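One structure below.
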Amino acid sequence: MNGRGDRYGAAMLAVTAQRFSPDDPVSALEVGRVPDPDVPDGWTSVSIRATALNHHDLWSLRGVGLRAEQLPMVLGCDAAGVDEDGREVLVHGVISSPGWRGDETLDPGRSLLSERFPGTLAERVAVPPANLVPKPPELSFEEAACLPTAWLTAYRMLFTQSGVQPGGTVLVQGAGGGVSTALIALGSAAGYRMWATSRDEGKRSRAVELGAAQAFEIGARLPERVDAVMETVGQATWSHSLRALRPGGTVVVSGATSGPDPSAELNRVFFLGLRVIGSTMGTRDELERLTRFVVRTRARPVIDATYPLADARSGFQRLASGEVFGKIVFTT
Ligand SMILES: NC(=O)c1ccc[n+]([C@@H]2O[C@H](COP(=O)([O-])OP(=O)(O)OC[C@H]3O[C@@H](n4cnc5c(N)ncnc54)[C@H](OP(=O)(O)O)[C@@H]3O)[C@@H](O)[C@H]2O)c1
């Protein structure tokens, strides 16, 4: 039981970060009852039906992106549910600063749910009404819950940032993750030749089943150079990513799961005219286009496992083990 719940009356089930543990992040979470989130003036609330787990939640438990005085914090960036008027919605997790106009990923005052405001691993979440996107009836709540973080990040990396035309070749480093499986599914549905690497032979086979044209061991010599590389792994794959690019090619980077400080290999970057593009989440408009894209193409999130929210610890343990292929989803 969480301290706040005891003091103010238990209201909803939620997963909270209670402390930080860089080495054993799962030990720092608690599943228990907490008060409903405050709904600031002009905001609205959503009853969550399904919510997805992201590596971001493990980073939060490790103490990356949160300060001790913000604890306990409800974790989670992804949700699909029902709004106050009974409409089925997805929740866009990027909260802009008041009055911000334009691309919200470039707002210096933005935050992601669970960073400043309580997150979505809960039965309810409060958000500005502009953050609600209609859930298409073709998607289940579980599928829809995978879109706002991993799939949105993948959509922006590929379609907004990479500059690759359909028919081009794109390498995805680390096939098994939430963002990576989204990249493979989206890219193959859009007519890119998707190549992927993975540490695990079983995941390489599954990447091909998902739509990758070929899958390789990490660091393998490729049949030819690629137009773009999608990087979320960081240190363990960065050098390979730069070597894999054709002259003038683009690496789009949105994460560094294995560590953030590889050698920049600047000689290679300038001599081959490579482009290194950072990317983070996506806009509400991109999320809306993504939902239309998956409806039209029938690309669907790969769900590795679904657990009741009350058993969230099992899902965290599975994500932390590195065995996941696709997304872990919790239902309320
Ligand atoms: N900037 C943003 O907006 C944003 C949004 C979403 C995610 N991210 C970041 O992107 C990263 C991935 O997120 P996720 O939720 O997709 O995580 P995830 O589901 O846990 O996936 C982790 C991925 O990393 C690969 N991997 C891990 N360690 C590796 C290593 N030592 N060598 C090679 N590959 C390794 C895995 O590939 P295999 O197991 O197949 O080898 C897998 O694809 C995280 O760091 C996350 O914080 C950033």
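Letters A, B, ... mark the chains of the structure tokens in the order given; residue numbers begin at 1 per chain; ligand numbers begin at 1, in order shown.
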Legend entry - Nearby residues, ligand 1, 6 Å, only C-alpha atoms and all ligand atoms, as a VMD selection string: chain A and resid 54 to 56 149 to 150 153 174 to 180 198 to 200 203 232 to 233 236 254 to 258 279 to 281 319 322
Would you save the residues from that selection as a CSV table (one decimal), in the first residue's frame, using C-alpha atoms?
chain,number,residue,atom,x,y,z
A,54,ASN,CA,7.9,1.1,-22.2
A,55,HIS,CA,11.6,1.1,-21.5
A,56,HIS,CA,11.0,4.6,-20.3
A,149,THR,CA,4.8,6.0,-27.4
A,150,ALA,CA,6.6,3.2,-29.2
A,153,THR,CA,8.2,7.3,-32.0
A,174,GLY,CA,17.8,-4.5,-32.0
A,175,ALA,CA,14.7,-6.1,-33.6
A,176,GLY,CA,12.8,-7.2,-30.5
A,177,GLY,CA,11.9,-4.0,-28.7
A,178,GLY,CA,8.6,-2.0,-28.8
A,179,VAL,CA,10.0,0.7,-31.0
A,180,SER,CA,11.9,-1.7,-33.2
A,198,SER,CA,19.1,-8.8,-33.0
A,199,ARG,CA,21.2,-10.5,-30.4
A,200,ASP,CA,18.8,-13.4,-30.5
A,203,LYS,CA,14.0,-12.7,-32.5
A,232,THR,CA,17.6,3.0,-30.2
A,233,VAL,CA,20.3,0.7,-28.9
A,236,ALA,CA,26.4,-1.5,-28.6
A,254,SER,CA,15.7,8.1,-30.4
A,255,GLY,CA,17.2,6.0,-27.6
A,256,ALA,CA,20.4,4.5,-26.1
A,257,THR,CA,19.3,1.4,-24.2
A,258,SER,CA,22.8,-0.1,-24.0
A,279,SER,CA,14.0,12.2,-32.7
A,280,THR,CA,11.7,12.1,-29.7
A,281,MET,CA,8.1,10.9,-29.5
A,319,LEU,CA,10.7,-6.3,-20.0
A,322,GLY,CA,15.3,-8.5,-22.4
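Residues in contact range of A:Gly42, defined as at most 8 Å between only C-alpha atoms, with sequence neighbours fewer than 2 positions away removed, read A:Pro40, A:Thr44, A:Pro128, A:Pro129.
Distance-wise, atom CA of A:Lys327 and atom CA of A:Trp151 end up 10.1 Å apart.
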DSSP alpha helix (DSSP H) selection over stretch 71-252 of chain A, as a PDB file with N, CA and C atoms, in the first residue's frame:
ATOM      1  N   PHE A 141      -8.537  -2.142 -27.517  1.00  0.00           N
ATOM      2  CA  PHE A 141      -7.905  -1.234 -26.545  1.00  0.00           C
ATOM      3  C   PHE A 141      -6.434  -1.616 -26.350  1.00  0.00           C
ATOM      4  N   GLU A 142      -6.157  -2.938 -26.347  1.00  0.00           N
ATOM      5  CA  GLU A 142      -4.772  -3.385 -26.126  1.00  0.00           C
ATOM      6  C   GLU A 142      -3.867  -2.913 -27.267  1.00  0.00           C
ATOM      7  N   GLU A 143      -4.346  -3.047 -28.513  1.00  0.00           N
ATOM      8  CA  GLU A 143      -3.543  -2.579 -29.664  1.00  0.00           C
ATOM      9  C   GLU A 143      -3.383  -1.067 -29.615  1.00  0.00           C
ATOM     10  N   ALA A 144      -4.484  -0.364 -29.342  1.00  0.00           N
ATOM     11  CA  ALA A 144      -4.435   1.104 -29.341  1.00  0.00           C
ATOM     12  C   ALA A 144      -3.464   1.625 -28.276  1.00  0.00           C
ATOM     13  N   LEU A 152       4.365   5.663 -32.079  1.00  0.00           N
ATOM     14  CA  LEU A 152       4.473   7.067 -32.516  1.00  0.00           C
ATOM     15  C   LEU A 152       5.940   7.437 -32.735  1.00  0.00           C
ATOM     16  N   THR A 153       6.799   7.009 -31.832  1.00  0.00           N
ATOM     17  CA  THR A 153       8.238   7.288 -31.979  1.00  0.00           C
ATOM     18  C   THR A 153       8.756   6.682 -33.277  1.00  0.00           C
ATOM     19  N   ALA A 154       8.352   5.438 -33.550  1.00  0.00           N
ATOM     20  CA  ALA A 154       8.786   4.762 -34.777  1.00  0.00           C
ATOM     21  C   ALA A 154       8.252   5.487 -36.011  1.00  0.00           C
ATOM     22  N   TYR A 155       6.989   5.902 -35.963  1.00  0.00           N
ATOM     23  CA  TYR A 155       6.355   6.578 -37.107  1.00  0.00           C
ATOM     24  C   TYR A 155       7.134   7.854 -37.448  1.00  0.00           C
ATOM     25  N   GLY A 178       9.902  -2.647 -28.403  1.00  0.00           N
ATOM     26  CA  GLY A 178       8.625  -2.039 -28.778  1.00  0.00           C
ATOM     27  C   GLY A 178       8.797  -1.101 -29.962  1.00  0.00           C
ATOM     28  N   VAL A 179       9.795  -0.210 -29.910  1.00  0.00           N
ATOM     29  CA  VAL A 179      10.016   0.728 -31.013  1.00  0.00           C
ATOM     30  C   VAL A 179      10.469  -0.045 -32.254  1.00  0.00           C
ATOM     31  N   SER A 180      11.355  -1.018 -32.068  1.00  0.00           N
ATOM     32  CA  SER A 180      11.909  -1.736 -33.221  1.00  0.00           C
ATOM     33  C   SER A 180      10.855  -2.559 -33.950  1.00  0.00           C
ATOM     34  N   THR A 181      10.010  -3.260 -33.207  1.00  0.00           N
ATOM     35  CA  THR A 181       8.968  -4.044 -33.887  1.00  0.00           C
ATOM     36  C   THR A 181       8.013  -3.100 -34.626  1.00  0.00           C
ATOM     37  N   ALA A 182       7.756  -1.940 -34.042  1.00  0.00           N
ATOM     38  CA  ALA A 182       6.908  -0.952 -34.728  1.00  0.00           C
ATOM     39  C   ALA A 182       7.582  -0.480 -36.014  1.00  0.00           C
ATOM     40  N   LEU A 183       8.889  -0.230 -35.961  1.00  0.00           N
ATOM     41  CA  LEU A 183       9.612   0.223 -37.156  1.00  0.00           C
ATOM     42  C   LEU A 183       9.525  -0.823 -38.270  1.00  0.00           C
ATOM     43  N   ILE A 184       9.722  -2.091 -37.904  1.00  0.00           N
ATOM     44  CA  ILE A 184       9.683  -3.152 -38.924  1.00  0.00           C
ATOM     45  C   ILE A 184       8.284  -3.248 -39.532  1.00  0.00           C
ATOM     46  N   ALA A 185       7.266  -3.216 -38.675  1.00  0.00           N
ATOM     47  CA  ALA A 185       5.888  -3.359 -39.183  1.00  0.00           C
ATOM     48  C   ALA A 185       5.484  -2.150 -40.029  1.00  0.00           C
ATOM     49  N   LEU A 186       5.796  -0.948 -39.556  1.00  0.00           N
ATOM     50  CA  LEU A 186       5.403   0.264 -40.294  1.00  0.00           C
ATOM     51  C   LEU A 186       6.162   0.365 -41.612  1.00  0.00           C
ATOM     52  N   GLY A 187       7.486   0.123 -41.541  1.00  0.00           N
ATOM     53  CA  GLY A 187       8.309   0.276 -42.740  1.00  0.00           C
ATOM     54  C   GLY A 187       7.942  -0.736 -43.809  1.00  0.00           C
ATOM     55  N   SER A 188       7.709  -1.977 -43.416  1.00  0.00           N
ATOM     56  CA  SER A 188       7.368  -2.964 -44.439  1.00  0.00           C
ATOM     57  C   SER A 188       5.982  -2.667 -45.007  1.00  0.00           C
ATOM     58  N   ALA A 189       5.062  -2.176 -44.175  1.00  0.00           N
ATOM     59  CA  ALA A 189       3.727  -1.828 -44.694  1.00  0.00           C
ATOM     60  C   ALA A 189       3.803  -0.660 -45.680  1.00  0.00           C
ATOM     61  N   GLU A 201      18.659 -15.305 -32.013  1.00  0.00           N
ATOM     62  CA  GLU A 201      18.280 -15.943 -33.274  1.00  0.00           C
ATOM     63  C   GLU A 201      16.757 -16.038 -33.426  1.00  0.00           C
ATOM     64  N   GLY A 202      16.094 -16.393 -32.317  1.00  0.00           N
ATOM     65  CA  GLY A 202      14.625 -16.496 -32.375  1.00  0.00           C
ATOM     66  C   GLY A 202      13.991 -15.164 -32.754  1.00  0.00           C
ATOM     67  N   LYS A 203      14.541 -14.066 -32.209  1.00  0.00           N
ATOM     68  CA  LYS A 203      13.977 -12.745 -32.539  1.00  0.00           C
ATOM     69  C   LYS A 203      14.283 -12.375 -33.987  1.00  0.00           C
ATOM     70  N   ARG A 204      15.427 -12.831 -34.503  1.00  0.00           N
ATOM     71  CA  ARG A 204      15.725 -12.553 -35.925  1.00  0.00           C
ATOM     72  C   ARG A 204      14.680 -13.234 -36.809  1.00  0.00           C
ATOM     73  N   SER A 205      14.304 -14.478 -36.481  1.00  0.00           N
ATOM     74  CA  SER A 205      13.269 -15.169 -37.265  1.00  0.00           C
ATOM     75  C   SER A 205      11.945 -14.430 -37.162  1.00  0.00           C
ATOM     76  N   ARG A 206      11.623 -13.989 -35.955  1.00  0.00           N
ATOM     77  CA  ARG A 206      10.330 -13.313 -35.779  1.00  0.00           C
ATOM     78  C   ARG A 206      10.314 -11.970 -36.501  1.00  0.00           C
ATOM     79  N   ALA A 207      11.477 -11.318 -36.594  1.00  0.00           N
ATOM     80  CA  ALA A 207      11.542 -10.047 -37.332  1.00  0.00           C
ATOM     81  C   ALA A 207      11.200 -10.272 -38.801  1.00  0.00           C
ATOM     82  N   VAL A 208      11.679 -11.387 -39.348  1.00  0.00           N
ATOM     83  CA  VAL A 208      11.386 -11.694 -40.758  1.00  0.00           C
ATOM     84  C   VAL A 208       9.896 -12.017 -40.918  1.00  0.00           C
ATOM     85  N   GLU A 209       9.336 -12.771 -39.964  1.00  0.00           N
ATOM     86  CA  GLU A 209       7.887 -13.048 -40.021  1.00  0.00           C
ATOM     87  C   GLU A 209       7.079 -11.756 -39.970  1.00  0.00           C
ATOM     88  N   LEU A 210       7.603 -10.768 -39.251  1.00  0.00           N
ATOM     89  CA  LEU A 210       6.888  -9.493 -39.102  1.00  0.00           C
ATOM     90  C   LEU A 210       6.987  -8.623 -40.345  1.00  0.00           C
ATOM     91  N   TRP A 238      26.226   1.549 -32.295  1.00  0.00           N
ATOM     92  CA  TRP A 238      26.430   2.835 -32.987  1.00  0.00           C
ATOM     93  C   TRP A 238      27.475   2.740 -34.103  1.00  0.00           C
ATOM     94  N   SER A 239      28.601   2.102 -33.801  1.00  0.00           N
ATOM     95  CA  SER A 239      29.664   2.019 -34.792  1.00  0.00           C
ATOM     96  C   SER A 239      29.172   1.252 -36.019  1.00  0.00           C
ATOM     97  N   HIS A 240      28.453   0.153 -35.780  1.00  0.00           N
ATOM     98  CA  HIS A 240      27.881  -0.623 -36.886  1.00  0.00           C
ATOM     99  C   HIS A 240      26.894   0.228 -37.679  1.00  0.00           C
ATOM    100  N   SER A 241      26.120   1.035 -36.998  1.00  0.00           N
ATOM    101  CA  SER A 241      25.137   1.882 -37.691  1.00  0.00           C
ATOM    102  C   SER A 241      25.834   2.825 -38.655  1.00  0.00           C
ATOM    103  N   LEU A 242      26.929   3.453 -38.217  1.00  0.00           N
ATOM    104  CA  LEU A 242      27.630   4.399 -39.090  1.00  0.00           C
ATOM    105  C   LEU A 242      28.303   3.660 -40.249  1.00  0.00           C
ATOM    106  N   ARG A 243      28.822   2.457 -39.981  1.00  0.00           N
ATOM    107  CA  ARG A 243      29.468   1.688 -41.059  1.00  0.00           C
ATOM    108  C   ARG A 243      28.448   1.160 -42.062  1.00  0.00           C
ATOM    109  N   ALA A 244      27.185   0.988 -41.614  1.00  0.00           N
ATOM    110  CA  ALA A 244      26.159   0.417 -42.495  1.00  0.00           C
ATOM    111  C   ALA A 244      25.617   1.428 -43.498  1.00  0.00           C
TER     112      ALA A 244
END
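Each of A:Ser321, A:Thr169, A:Ser111, A:Ser45 was checked against A:Trp195 using only C-alpha atoms; the smallest atom-to-atom distance is that of A:Thr169.
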Excluding A:Val295 and any residue of its chain fewer than 4 positions from it, enumerate the residues within 10 Å of it, using only C-alpha atoms, and give them as a CSV table (one decimal) with N, CA and C atoms, in the first residue's frame.
chain,number,residue,atom,x,y,z
A,136,PRO,N,-9.8,4.3,-33.3
A,136,PRO,CA,-10.6,3.6,-34.3
A,136,PRO,C,-11.2,2.3,-33.8
A,137,PRO,N,-12.4,2.0,-34.2
A,137,PRO,CA,-13.1,0.8,-33.8
A,137,PRO,C,-12.3,-0.5,-34.2
A,138,GLU,N,-11.5,-0.3,-35.3
A,138,GLU,CA,-10.8,-1.5,-35.8
A,138,GLU,C,-9.7,-2.0,-34.9
A,139,LEU,N,-9.3,-1.1,-33.9
A,139,LEU,CA,-8.2,-1.5,-33.0
A,139,LEU,C,-8.8,-1.9,-31.7
A,289,ARG,N,-2.4,10.5,-37.6
A,289,ARG,CA,-2.1,9.9,-38.9
A,289,ARG,C,-1.7,8.4,-38.7
A,290,LEU,N,-0.9,8.2,-37.6
A,290,LEU,CA,-0.5,6.8,-37.4
A,290,LEU,C,-1.8,5.9,-37.2
A,291,THR,N,-2.8,6.4,-36.5
A,291,THR,CA,-3.9,5.5,-36.3
A,291,THR,C,-4.6,5.3,-37.6
A,299,ALA,N,-1.5,-3.0,-40.5
A,299,ALA,CA,-0.3,-3.2,-39.6
A,299,ALA,C,-0.8,-3.2,-38.1
A,300,ARG,N,-0.4,-4.1,-37.3
A,300,ARG,CA,-0.9,-4.1,-35.9
A,300,ARG,C,0.2,-4.3,-35.0
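Near A:Arg246, within a cut-off of 9 Å and counting only C-alpha atoms, sit the residues Glu224, Arg225, Val226, Asp227, Ala228, Leu242, Thr250, Leu272 and Leu274 of chain A, with same-chain residues fewer than 4 positions away left out.
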Those same residues, written as a PDB file, in the first residue's frame with C-alpha atoms?
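Saved result, part-v8.pdb, follows:
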ATOM      1  CA  GLU A 224      25.014  -3.561 -49.189  1.00  0.00           C
ATOM      2  CA  ARG A 225      24.957  -0.146 -47.531  1.00  0.00           C
ATOM      3  CA  VAL A 226      21.585   1.208 -46.396  1.00  0.00           C
ATOM      4  CA  ASP A 227      19.827   4.561 -46.847  1.00  0.00           C
ATOM      5  CA  ALA A 228      19.010   4.959 -43.158  1.00  0.00           C
ATOM      6  CA  LEU A 242      27.630   4.399 -39.090  1.00  0.00           C
ATOM      7  CA  THR A 250      20.908   9.137 -42.277  1.00  0.00           C
ATOM      8  CA  LEU A 272      30.770  10.391 -45.864  1.00  0.00           C
ATOM      9  CA  LEU A 274      26.244  11.357 -42.966  1.00  0.00           C
TER      10      LEU A 274
END
Legend entry - Spatial neighbours of A:Asp36, 8 Å, only C-alpha atoms, chain gap at least 4 places, as a PyMOL selection string: chain A and resi 11-12+124-125
The selected residues should be written to file as a short mmCIF file (atom, residue, chain, number, x, y, z; two decimals), in the first residue's frame (atoms: all heavy atoms).
data_model
loop_
_atom_site.label_atom_id
_atom_site.label_comp_id
_atom_site.auth_asym_id
_atom_site.auth_seq_id
_atom_site.Cartn_x
_atom_site.Cartn_y
_atom_site.Cartn_z
N ALA A 11 -8.23 5.12 -3.95
CA ALA A 11 -9.21 5.35 -5.00
C ALA A 11 -8.96 4.50 -6.23
O ALA A 11 -9.88 3.93 -6.77
CB ALA A 11 -9.23 6.82 -5.37
N MET A 12 -7.74 4.43 -6.69
CA MET A 12 -7.53 3.66 -7.94
C MET A 12 -6.25 2.84 -7.83
O MET A 12 -5.31 3.20 -7.12
CB MET A 12 -7.45 4.59 -9.16
CG MET A 12 -6.23 5.47 -9.19
SD MET A 12 -6.03 6.29 -10.79
CE MET A 12 -4.45 7.12 -10.52
N ARG A 124 -7.05 5.56 -14.00
CA ARG A 124 -7.46 6.84 -14.57
C ARG A 124 -6.25 7.74 -14.77
O ARG A 124 -5.26 7.64 -14.03
CB ARG A 124 -8.48 7.55 -13.65
CG ARG A 124 -9.91 7.07 -13.86
CD ARG A 124 -10.88 7.63 -12.83
NE ARG A 124 -10.65 7.06 -11.50
CZ ARG A 124 -10.99 5.83 -11.14
NH1 ARG A 124 -11.57 5.00 -11.99
NH2 ARG A 124 -10.75 5.39 -9.91
N VAL A 125 -6.37 8.65 -15.78
CA VAL A 125 -5.31 9.63 -16.00
C VAL A 125 -5.97 10.95 -16.36
O VAL A 125 -7.05 10.97 -16.98
CB VAL A 125 -4.34 9.17 -17.12
CG1 VAL A 125 -5.02 9.11 -18.49
CG2 VAL A 125 -3.09 10.04 -17.18
#
